[in-house]
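Chemist: Following this line is protein-v8.txt, made up of compact mmCIF, C-alpha atoms:
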# COMPACT_ATOMS: atom_id res chain seq x y z
CA MET A 18 114.60 -83.47 111.91
CA ALA A 19 116.01 -82.86 108.43
CA VAL A 20 117.02 -84.51 105.19
CA ASP A 21 120.61 -84.63 103.96
CA VAL A 22 121.20 -85.20 100.25
CA ILE A 23 123.96 -87.05 98.42
CA LEU A 24 124.20 -86.54 94.69
CA GLY A 25 126.68 -86.60 91.84
CA LEU A 26 128.18 -83.35 90.56
CA GLN A 27 129.40 -84.65 87.21
CA TRP A 28 127.94 -87.08 84.65
CA GLY A 29 127.29 -89.91 87.09
CA ASP A 30 129.61 -92.72 88.23
CA GLU A 31 131.16 -90.48 90.90
CA GLY A 32 131.09 -93.18 93.60
CA LYS A 33 127.84 -92.19 95.32
CA GLY A 34 126.97 -95.73 96.38
CA LYS A 35 130.10 -96.15 98.46
CA ILE A 36 129.58 -92.76 100.13
CA VAL A 37 125.95 -93.54 100.95
CA ASP A 38 126.94 -96.91 102.40
CA TYR A 39 129.71 -95.28 104.47
CA LEU A 40 127.59 -92.45 105.86
CA ALA A 41 124.37 -94.46 106.24
CA GLU A 42 125.11 -95.50 109.82
CA LYS A 43 124.32 -91.92 110.88
CA TYR A 44 120.79 -92.16 109.49
CA ASP A 45 117.53 -93.97 110.14
CA LEU A 46 116.28 -93.92 106.54
CA VAL A 47 118.01 -93.93 103.14
CA CYS A 48 115.70 -92.92 100.29
CA ARG A 49 116.12 -93.00 96.49
CA PHE A 50 114.26 -90.03 95.01
CA GLN A 51 114.62 -90.26 91.21
CA GLY A 52 115.90 -92.24 88.25
CA GLY A 53 115.58 -95.89 87.43
CA PRO A 54 117.73 -98.96 86.84
CA ASN A 55 120.09 -96.93 84.66
CA ALA A 56 121.85 -96.15 87.95
CA GLY A 57 124.70 -98.42 88.98
CA HIS A 58 125.89 -97.88 92.54
CA THR A 59 128.90 -100.09 93.30
CA ILE A 60 129.81 -100.98 96.88
CA LYS A 61 132.72 -103.14 98.02
CA ILE A 62 132.41 -104.73 101.47
CA ASP A 63 134.82 -107.30 102.92
CA GLY A 64 136.28 -107.91 99.48
CA LYS A 65 132.89 -108.54 97.86
CA LYS A 66 131.46 -106.21 95.21
CA TYR A 67 127.76 -105.38 95.04
CA VAL A 68 126.05 -103.33 92.33
CA LEU A 69 122.66 -101.74 93.08
CA HIS A 70 120.46 -100.29 90.36
CA THR A 71 117.23 -99.46 92.20
CA ILE A 72 117.57 -100.48 95.84
CA PRO A 73 119.04 -97.70 98.06
CA SER A 74 122.67 -98.14 99.09
CA GLY A 75 121.83 -98.18 102.80
CA ILE A 76 120.50 -101.73 102.46
CA PHE A 77 123.74 -103.25 103.78
CA ARG A 78 123.28 -101.59 107.19
CA GLU A 79 120.90 -103.88 109.08
CA GLU A 80 119.44 -101.16 111.30
CA ILE A 81 118.44 -98.85 108.42
CA THR A 82 115.13 -98.60 106.56
CA ASN A 83 115.43 -98.05 102.81
CA VAL A 84 112.72 -96.33 100.78
CA ILE A 85 112.24 -96.25 97.00
CA GLY A 86 110.48 -92.92 96.53
CA ASN A 87 107.72 -91.83 94.18
CA GLY A 88 110.20 -90.11 91.84
CA VAL A 89 111.79 -93.43 90.88
CA VAL A 90 110.72 -95.52 87.88
CA LEU A 91 110.94 -99.17 88.84
CA ASP A 92 111.53 -102.18 86.59
CA PRO A 93 110.23 -105.28 88.44
CA ILE A 94 112.58 -107.59 86.50
CA THR A 95 115.72 -105.65 87.47
CA MET A 96 114.43 -105.13 91.00
CA VAL A 97 113.89 -108.85 91.60
CA LYS A 98 117.37 -109.64 90.27
CA GLU A 99 118.76 -107.26 92.90
CA MET A 100 116.58 -108.81 95.59
CA ASN A 101 117.81 -112.28 94.64
CA ALA A 102 121.45 -111.12 94.75
CA LEU A 103 120.95 -109.70 98.26
CA HIS A 104 119.24 -112.91 99.34
CA ASP A 105 122.15 -114.97 97.99
CA ALA A 106 124.51 -112.74 100.00
CA ASN A 107 122.48 -113.46 103.16
CA ILE A 108 121.38 -109.83 103.52
CA ASP A 109 118.17 -109.68 105.55
CA PHE A 110 116.48 -106.84 103.68
CA MET A 111 112.78 -107.63 103.22
CA PRO A 112 111.48 -105.87 106.38
CA ARG A 113 113.70 -102.84 105.67
CA LEU A 114 112.87 -102.19 102.01
CA LEU A 115 109.78 -100.07 101.32
CA VAL A 116 108.42 -98.99 97.95
CA SER A 117 106.29 -95.93 97.24
CA ARG A 118 102.88 -96.74 95.80
CA LYS A 119 103.30 -93.68 93.57
CA ALA A 120 106.54 -94.90 91.95
CA HIS A 121 105.95 -95.62 88.26
CA LEU A 122 106.53 -99.03 86.71
CA ILE A 123 108.70 -99.85 83.73
CA VAL A 124 106.86 -102.45 81.64
CA PRO A 125 108.47 -104.61 78.92
CA THR A 126 107.18 -102.45 76.07
CA HIS A 127 108.91 -99.42 77.63
CA ARG A 128 112.23 -101.17 77.03
CA TYR A 129 111.04 -102.26 73.59
CA LEU A 130 110.26 -98.63 72.71
CA ASP A 131 113.59 -97.47 74.15
CA ALA A 132 115.53 -99.90 71.97
CA ALA A 133 113.54 -99.06 68.83
CA SER A 134 113.76 -95.30 69.37
CA GLU A 135 117.51 -95.35 69.99
CA ALA A 136 118.15 -97.61 66.99
CA SER A 137 116.21 -95.25 64.73
CA LYS A 138 118.48 -92.30 65.64
CA GLY A 139 121.52 -93.77 63.89
CA ALA A 140 124.55 -91.53 64.40
CA SER A 141 122.46 -89.16 66.54
CA LYS A 142 122.03 -91.65 69.39
CA ILE A 143 121.84 -90.04 72.84
CA GLY A 144 123.50 -93.01 74.54
CA SER A 145 120.43 -94.45 76.26
CA THR A 146 121.02 -97.40 78.59
CA LEU A 147 117.95 -99.02 76.92
CA LYS A 148 116.36 -99.72 80.31
CA GLY A 149 113.02 -98.13 79.38
CA ILE A 150 113.48 -95.13 81.66
CA GLY A 151 112.72 -92.44 79.05
CA PRO A 152 109.48 -94.05 77.79
CA ALA A 153 108.36 -94.68 81.40
CA TYR A 154 108.81 -91.01 82.31
CA MET A 155 107.02 -90.04 79.07
CA ASP A 156 104.02 -92.10 80.17
CA LYS A 157 104.24 -90.54 83.62
CA THR A 158 104.04 -86.99 82.25
CA GLY A 159 101.52 -88.17 79.63
CA ARG A 160 99.32 -89.26 82.56
CA ASN A 161 98.76 -92.84 81.52
CA GLY A 162 101.58 -94.67 83.32
CA LEU A 163 101.26 -97.62 85.68
CA ARG A 164 102.30 -97.22 89.31
CA VAL A 165 103.38 -99.65 92.00
CA GLY A 166 100.06 -99.14 93.78
CA ASP A 167 98.28 -100.44 90.68
CA LEU A 168 99.80 -103.88 91.27
CA THR A 169 97.22 -104.56 93.97
CA SER A 170 94.33 -103.30 91.85
CA SER A 171 91.74 -105.84 90.66
CA ASP A 172 91.95 -104.43 87.14
CA PHE A 173 95.74 -104.31 86.85
CA GLU A 174 95.82 -106.67 83.87
CA ALA A 175 93.36 -104.48 81.98
CA LYS A 176 95.48 -101.42 82.72
CA TYR A 177 98.57 -103.29 81.58
CA LYS A 178 96.95 -104.39 78.32
CA SER A 179 95.85 -100.82 77.62
CA ILE A 180 99.35 -99.37 77.93
CA LYS A 181 100.84 -102.31 76.03
CA GLU A 182 98.49 -101.74 73.08
CA LYS A 183 99.40 -98.06 73.06
CA HIS A 184 103.09 -98.95 72.92
CA LEU A 185 102.61 -101.53 70.16
CA GLY A 186 100.93 -98.83 68.12
CA LEU A 187 103.87 -96.48 68.64
CA LEU A 188 106.36 -99.20 67.72
CA LYS A 189 104.94 -99.25 64.19
CA MET A 190 106.69 -95.91 63.67
CA TYR A 191 110.12 -97.49 64.10
CA PRO A 192 112.19 -100.09 62.25
CA ASP A 193 112.09 -103.60 63.71
CA VAL A 194 114.55 -104.40 66.50
CA ASP A 195 115.37 -107.72 68.13
CA PHE A 196 113.17 -107.90 71.24
CA ASN A 197 111.43 -111.01 72.59
CA LEU A 198 108.32 -109.42 74.08
CA GLU A 199 106.66 -112.70 75.06
CA GLU A 200 109.70 -113.83 77.03
CA GLN A 201 110.04 -110.44 78.73
CA GLU A 202 106.36 -110.42 79.70
CA THR A 203 106.78 -113.83 81.34
CA HIS A 204 109.69 -112.47 83.42
CA PHE A 205 107.71 -109.31 84.18
CA PHE A 206 104.67 -111.07 85.64
CA GLU A 207 106.83 -113.52 87.60
CA SER A 208 108.76 -110.58 89.02
CA ILE A 209 105.59 -108.74 89.97
CA GLU A 210 104.56 -111.59 92.26
CA LYS A 211 107.89 -111.36 94.11
CA LEU A 212 107.69 -107.59 94.21
CA LYS A 213 104.33 -107.85 95.99
CA GLN A 214 106.14 -109.45 98.93
CA LEU A 215 107.63 -106.03 99.75
CA ARG A 216 105.82 -103.40 101.76
CA PHE A 217 104.17 -100.71 99.62
CA VAL A 218 103.72 -97.37 101.40
CA ASN A 219 102.38 -93.88 100.83
CA SER A 220 105.97 -92.68 100.99
CA GLU A 221 105.22 -88.97 101.27
CA TYR A 222 103.42 -89.64 104.57
CA TYR A 223 105.97 -92.21 105.68
CA VAL A 224 108.94 -89.88 105.14
CA ASN A 225 107.29 -86.83 106.67
CA ASN A 226 106.10 -88.83 109.68
CA ALA A 227 109.68 -90.04 110.15
CA LEU A 228 110.86 -86.43 110.11
CA ALA A 229 108.22 -85.48 112.66
CA GLU A 230 109.48 -88.30 114.89
CA GLY A 231 112.99 -86.82 114.78
CA LYS A 232 114.53 -89.41 112.47
CA GLN A 233 117.54 -88.67 110.31
CA ILE A 234 117.04 -89.18 106.56
CA LEU A 235 119.55 -89.45 103.74
CA ALA A 236 118.30 -88.88 100.17
CA GLU A 237 120.34 -90.77 97.57
CA GLY A 238 120.59 -89.35 94.06
CA ALA A 239 121.21 -91.36 90.90
CA GLN A 240 123.15 -90.43 87.74
CA GLY A 241 124.79 -86.97 87.94
CA SER A 242 123.81 -83.32 87.90
CA MET A 243 125.06 -82.84 84.33
CA LEU A 244 122.41 -85.35 83.23
CA ASP A 245 119.52 -83.36 84.73
CA ILE A 246 116.62 -83.06 82.28
CA ASP A 247 116.50 -79.26 82.69
CA PHE A 248 120.08 -78.25 83.48
CA GLY A 249 122.20 -81.00 81.95
CA THR A 250 123.79 -81.20 78.50
CA TYR A 251 120.41 -81.48 76.77
CA PRO A 252 119.39 -83.58 74.85
CA PHE A 253 122.16 -85.90 76.06
CA VAL A 254 120.55 -86.20 79.50
CA THR A 255 118.42 -88.56 81.56
CA SER A 256 114.65 -88.16 82.00
CA SER A 257 114.50 -86.97 85.61
CA ASN A 258 115.68 -84.08 87.77
CA THR A 259 118.95 -85.32 89.21
CA ILE A 260 119.68 -82.14 91.19
CA SER A 261 118.68 -81.42 94.80
CA ALA A 262 115.38 -79.83 93.72
CA GLY A 263 114.31 -83.33 92.67
CA VAL A 264 114.41 -84.47 96.29
CA CYS A 265 111.28 -82.47 97.09
CA SER A 266 109.15 -83.82 94.26
CA GLY A 267 110.75 -87.28 94.40
CA LEU A 268 110.04 -87.86 98.09
CA GLY A 269 107.22 -85.42 98.82
CA ILE A 270 109.08 -83.18 101.27
CA ALA A 271 109.23 -79.40 101.57
CA PRO A 272 112.41 -77.50 100.56
CA ASN A 273 112.97 -76.29 104.12
CA LYS A 274 113.46 -79.90 105.24
CA ILE A 275 116.78 -80.14 103.37
CA ARG A 276 119.88 -79.52 105.50
CA GLU A 277 123.21 -80.69 104.04
CA VAL A 278 123.73 -81.16 100.30
CA ILE A 279 126.76 -83.40 99.82
CA GLY A 280 128.16 -83.31 96.30
CA ILE A 281 130.31 -86.17 95.04
CA ALA A 282 132.96 -85.60 92.36
CA LYS A 283 135.79 -87.70 91.02
CA ALA A 284 139.30 -86.27 91.00
CA TYR A 285 138.90 -86.33 87.20
CA CYS A 286 135.89 -86.56 84.86
CA THR A 287 134.11 -89.41 83.11
CA ARG A 288 131.07 -89.74 80.92
CA VAL A 289 129.19 -92.72 79.47
CA GLY A 290 127.48 -92.41 76.10
CA SER A 291 127.15 -89.46 73.76
CA GLY A 292 127.13 -85.75 74.48
CA PRO A 293 129.48 -82.83 75.14
CA PHE A 294 132.48 -83.35 77.39
CA PRO A 295 134.78 -80.28 77.34
CA THR A 296 137.81 -81.87 79.03
CA GLU A 297 137.67 -85.25 77.30
CA LEU A 298 141.06 -86.80 76.54
CA GLU A 299 141.05 -88.92 73.40
CA ASP A 300 144.71 -89.86 73.77
CA GLU A 301 147.06 -92.01 75.82
CA THR A 302 146.31 -90.00 78.98
CA GLY A 303 142.58 -90.60 78.61
CA GLU A 304 143.21 -94.29 78.03
CA LYS A 305 145.43 -94.43 81.12
CA LEU A 306 142.69 -92.83 83.26
CA ARG A 307 140.23 -95.40 81.91
CA LYS A 308 142.54 -98.34 82.57
CA VAL A 309 143.76 -97.31 86.02
CA GLY A 310 140.31 -96.15 87.13
CA MET A 311 138.63 -99.27 85.66
CA GLU A 312 136.18 -96.95 83.99
CA PHE A 313 133.51 -99.23 82.62
CA GLY A 314 129.80 -98.70 83.31
CA ALA A 315 128.35 -100.65 86.26
CA THR A 316 125.01 -100.82 84.43
CA THR A 317 126.00 -101.12 80.77
CA GLY A 318 129.63 -102.27 80.88
CA ARG A 319 130.44 -99.60 78.29
CA PRO A 320 133.88 -97.95 78.48
CA ARG A 321 133.62 -94.48 79.98
CA ARG A 322 135.04 -91.43 78.26
CA CYS A 323 137.69 -89.85 80.50
CA GLY A 324 139.13 -86.37 80.98
CA TRP A 325 140.61 -83.93 83.46
CA LEU A 326 138.65 -82.29 86.27
CA ASP A 327 136.42 -79.45 85.05
CA VAL A 328 136.07 -76.54 87.52
CA PRO A 329 133.49 -74.46 85.53
CA GLN A 330 131.30 -77.55 85.29
CA LEU A 331 131.62 -78.22 89.03
CA LEU A 332 130.94 -74.59 89.96
CA TYR A 333 127.76 -74.84 87.86
CA THR A 334 126.45 -77.95 89.64
CA ILE A 335 127.52 -76.71 93.07
CA MET A 336 125.43 -73.60 92.39
CA LEU A 337 122.40 -75.52 91.11
CA ASN A 338 122.37 -77.93 94.04
CA GLY A 339 123.24 -75.55 96.86
CA VAL A 340 126.11 -77.86 97.77
CA THR A 341 127.37 -77.42 101.32
CA GLN A 342 130.28 -79.87 101.13
CA VAL A 343 132.14 -81.83 98.45
CA ILE A 344 133.60 -85.32 98.63
CA ILE A 345 136.38 -86.14 96.15
CA THR A 346 136.58 -89.79 95.09
CA LYS A 347 139.14 -91.90 93.22
CA MET A 348 142.11 -89.74 94.21
CA ASP A 349 144.22 -92.89 93.97
CA VAL A 350 143.69 -93.09 90.20
CA LEU A 351 146.01 -90.08 89.86
CA ASP A 352 148.87 -91.76 91.76
CA THR A 353 151.05 -92.39 88.72
CA PHE A 354 150.56 -89.14 86.83
CA GLU A 355 153.61 -86.89 86.85
CA THR A 356 151.45 -83.93 85.84
CA ILE A 357 147.76 -83.42 86.67
CA GLN A 358 145.67 -80.89 84.83
CA VAL A 359 142.56 -79.04 85.96
CA ALA A 360 140.36 -76.92 83.67
CA LYS A 361 140.00 -73.64 85.58
CA SER A 362 137.94 -71.85 82.90
CA TYR A 363 136.63 -72.13 79.33
CA HIS A 364 137.56 -70.23 76.21
CA TYR A 365 134.79 -69.74 73.64
CA ASP A 366 133.36 -66.89 71.54
CA ASN A 367 136.72 -65.10 71.85
CA MET A 368 136.41 -64.79 75.61
CA GLU A 369 137.38 -66.62 78.78
CA SER A 370 134.49 -67.60 81.02
CA ASN A 371 133.50 -69.77 83.97
CA GLU A 372 129.94 -70.11 82.67
CA LEU A 373 128.59 -73.03 80.66
CA PRO A 374 127.07 -71.74 77.41
CA PHE A 375 123.45 -72.53 76.54
CA ASP A 376 124.52 -74.26 73.33
CA ILE A 377 127.20 -76.41 74.94
CA VAL A 378 126.32 -79.26 72.57
CA ASP A 379 127.35 -77.28 69.47
CA LYS A 380 129.74 -74.72 70.95
CA LYS A 381 133.48 -75.25 70.49
CA ILE A 382 134.95 -74.98 73.97
CA ASP A 383 138.67 -74.89 74.69
CA PRO A 384 139.41 -75.59 78.36
CA VAL A 385 142.00 -73.34 79.99
CA TYR A 386 144.15 -75.69 82.07
CA GLN A 387 146.21 -75.25 85.19
CA SER A 388 148.93 -77.84 85.79
CA TYR A 389 149.88 -79.49 89.08
CA GLU A 390 152.84 -81.64 89.86
CA GLY A 391 151.66 -85.16 90.71
CA TRP A 392 152.57 -86.87 93.99
CA TYR A 393 153.67 -90.01 92.13
CA GLU A 394 153.27 -92.42 95.03
CA SER A 395 150.57 -94.88 96.08
CA LEU A 396 147.71 -93.74 98.32
CA ASP A 397 146.69 -97.34 99.00
CA ASN A 398 147.65 -97.32 102.67
CA VAL A 399 146.67 -93.72 103.42
CA ARG A 400 143.91 -93.54 106.04
CA SER A 401 143.90 -89.84 106.98
CA PHE A 402 144.26 -86.48 105.28
CA GLN A 403 147.40 -85.78 107.28
CA ASP A 404 149.06 -88.89 105.81
CA LEU A 405 148.53 -87.80 102.20
CA PRO A 406 151.67 -86.81 100.30
CA THR A 407 152.26 -83.06 100.46
CA LYS A 408 151.51 -82.60 96.76
CA ALA A 409 148.22 -84.48 97.11
CA LYS A 410 147.23 -82.26 100.04
CA ASP A 411 148.15 -79.18 98.05
CA TYR A 412 146.01 -80.43 95.15
CA VAL A 413 142.98 -80.85 97.42
CA LYS A 414 143.48 -77.48 99.11
CA HIS A 415 143.75 -75.70 95.77
CA LEU A 416 140.60 -77.44 94.49
CA GLU A 417 138.80 -76.24 97.59
CA GLN A 418 139.76 -72.65 96.76
CA LEU A 419 138.68 -73.01 93.13
CA LEU A 420 135.35 -74.58 94.06
CA LYS A 421 134.70 -72.13 96.92
CA THR A 422 133.23 -75.06 98.85
CA ARG A 423 134.57 -77.20 101.68
CA ILE A 424 136.01 -80.56 100.63
CA SER A 425 134.97 -82.65 103.60
CA MET A 426 136.22 -86.11 102.63
CA ILE A 427 138.62 -87.90 100.28
CA SER A 428 138.25 -91.43 98.89
CA THR A 429 141.30 -93.42 97.80
CA GLY A 430 139.70 -96.73 96.81
CA PRO A 431 136.41 -98.67 96.64
CA GLU A 432 136.56 -100.10 100.17
CA ARG A 433 134.74 -98.56 103.13
CA GLU A 434 137.96 -97.93 105.04
CA LYS A 435 139.49 -95.89 102.19
CA LEU A 436 137.46 -92.80 102.95
CA PHE A 437 138.52 -90.09 105.38
CA GLY A 438 137.88 -86.47 106.30
CA GLN A 439 140.19 -83.51 106.35
Using structure tokens, write down the structure that the file contains.
Modeler:
Amino acid sequence: MAVDVILGLQWGDEGKGKIVDYLAEKYDLVCRFQGGPNAGHTIKIDGKKYVLHTIPSGIFREEITNVIGNGVVLDPITMVKEMNALHDANIDFMPRLLVSRKAHLIVPTHRYLDAASEASKGASKIGSTLKGIGPAYMDKTGRNGLRVGDLTSSDFEAKYKSIKEKHLGLLKMYPDVDFNLEEQETHFFESIEKLKQLRFVNSEYYVNNALAEGKQILAEGAQGSMLDIDFGTYPFVTSSNTISAGVCSGLGIAPNKIREVIGIAKAYCTRVGSGPFPTELEDETGEKLRKVGMEFGATTGRPRRCGWLDVPQLLYTIMLNGVTQVIITKMDVLDTFETIQVAKSYHYDNMESNELPFDIVDKKIDPVYQSYEGWYESLDNVRSFQDLPTKAKDYVKHLEQLLKTRISMISTGPEREKLFGQ
């Protein structure tokens, strides 16, 4: 059949996990195609909150197979913590969770390097989650990384020692940081034994065979499009391709297998860590968005920077991804705002433009805002587009015109039932 893609259109934290969980019942497979445990997909089911960092968000649907693709970098320690949490929640997941043999491993010294490198940057920190993702991708492109398939190799320990020694040599370049390598190695090797209980597959064959059998596949993106290594706000980006093009290399499928590209965007903007953020609000309004939206990182716990919705930024990521429909999340966070602003264009270099400049990191950008009258009533009990307050419906309809893309669904809370189409 075909592959549908769900990905974030902003800087991550758009609510992708909930959307994947909601839509997953229409699919046979849910596949993660890039990123690592820096992702934090939060799902709330029957009043219980679950946070997934590596395991695909379709894991809560008992009839669905979940695949961790070759484009993912996997930390066995984090992965086993997730597995244990699912086990404690009585989720029967073992037969339904498959891992690509070609997925690269994050080893303890990757996290050691990440911490040392970030600490050495001082005020120029990029805002790394310190999960070892960057160093793991560096070893992948440097062609000396370890992969999941190596875990069953008779000489795995020799391969591990080789990469560890390389990393220890690199660490001499940096100031000392507090990192208990011996303790982390103990956790790592214990976790590996549990990881081996999962089924390792040649995922490119597995996914393409599933397509040939007529199965429906959902590809789940991590982070957000503005963190893409090529097209994001470089160097304040992640280490993988977070846009739809990454699906092909991250799962081993051809471009013509992609059907729908579903872009997720909040009704406002947030960003974790350093880097440019044109509509950021460093005032009472920004603090109110943070407080009402409970904007703290699911992975790091760090407070998120908050700002108004940014149309030029969304038009950029809609273009890059070939988005066919948009889902707007966290509409309810705007319930108590008398006035809502949307950046409809940018002003820089003495001109007004809808294009993001190459040097967005250093360029002074003044957003050109359009104001909307808020609906100023709770959306908590709204379960259909028709039941939205008139001003909320008008807001959505106007966004649809600005984005030139269909807004197919609206989310008004973290629960499954607070998601509806229009």
Chemist: Identify, on the basis of only C-alpha atoms, every residue whose closest approach to segment 72-75 of chain A does not exceed 9 Å; exclude the query and any residue fewer than 2 positions from it along the same chain; express the result as a PyMOL selection string.
Modeler: chain A and resi 33-42+46-49+58-60+69-70+77-79+81-85+96+99-100+114+237
Chemist: Residues at most 10 Å from Glu417 of chain A, counting all atoms listed in the file, excluding those fewer than 6 positions away in the same chain, as a PyMOL selection string?
Modeler: chain A and resi 342-343+411+423-425
Chemist: With all atoms listed in the file as the atoms that count, which of A:Ser171, A:Leu331, A:Glu434, A:Gly52 lies nearest to Ile246 of chain A?
Modeler: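 Checking each candidate against Ile246 of chain A, we get A:Gly52 as the closest.
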Chemist: Using only C-alpha atoms, pick whichever of A:Gln201, A:Gln387, A:Asn371, A:Thr146 has the shortest atom-to-atom distance to Ser134 of chain A.
Modeler: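 Answer, going by the shortest atom-to-atom distance: A:Thr146.
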Chemist: What does the distance between atom CA of Asp195 of chain A and atom CA of Ala136 of chain A come to in Å, to one decimal place?
Modeler: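 Separation between atom CA of Asp195 of chain A and atom CA of Ala136 of chain A: 10.5 Å.
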Chemist: Could you check how far atom CA of Tyr67 of chain A sits from atom CA of Pro431 of chain A, in Å to one decimal?
Modeler: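 Value for the atom CA of Tyr67 of chain A-atom CA of Pro431 of chain A distance: 11.1 Å.
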Chemist: So, counting all atoms listed in the file, which residue among A:Gly310, A:Gly166, A:Gly290, A:Gly29 is closest to Val218 of chain A?
Modeler: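 Closest to Val218 of chain A, using all atoms listed in the file: A:Gly166.
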Chemist: Rounded to one decimal, what separation in Å do you get between atom CA of Lys347 of chain A and atom CA of Ile427 of chain A?
Modeler: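 Between atom CA of Lys347 of chain A and atom CA of Ile427 of chain A the gap works out to 8.1 Å.
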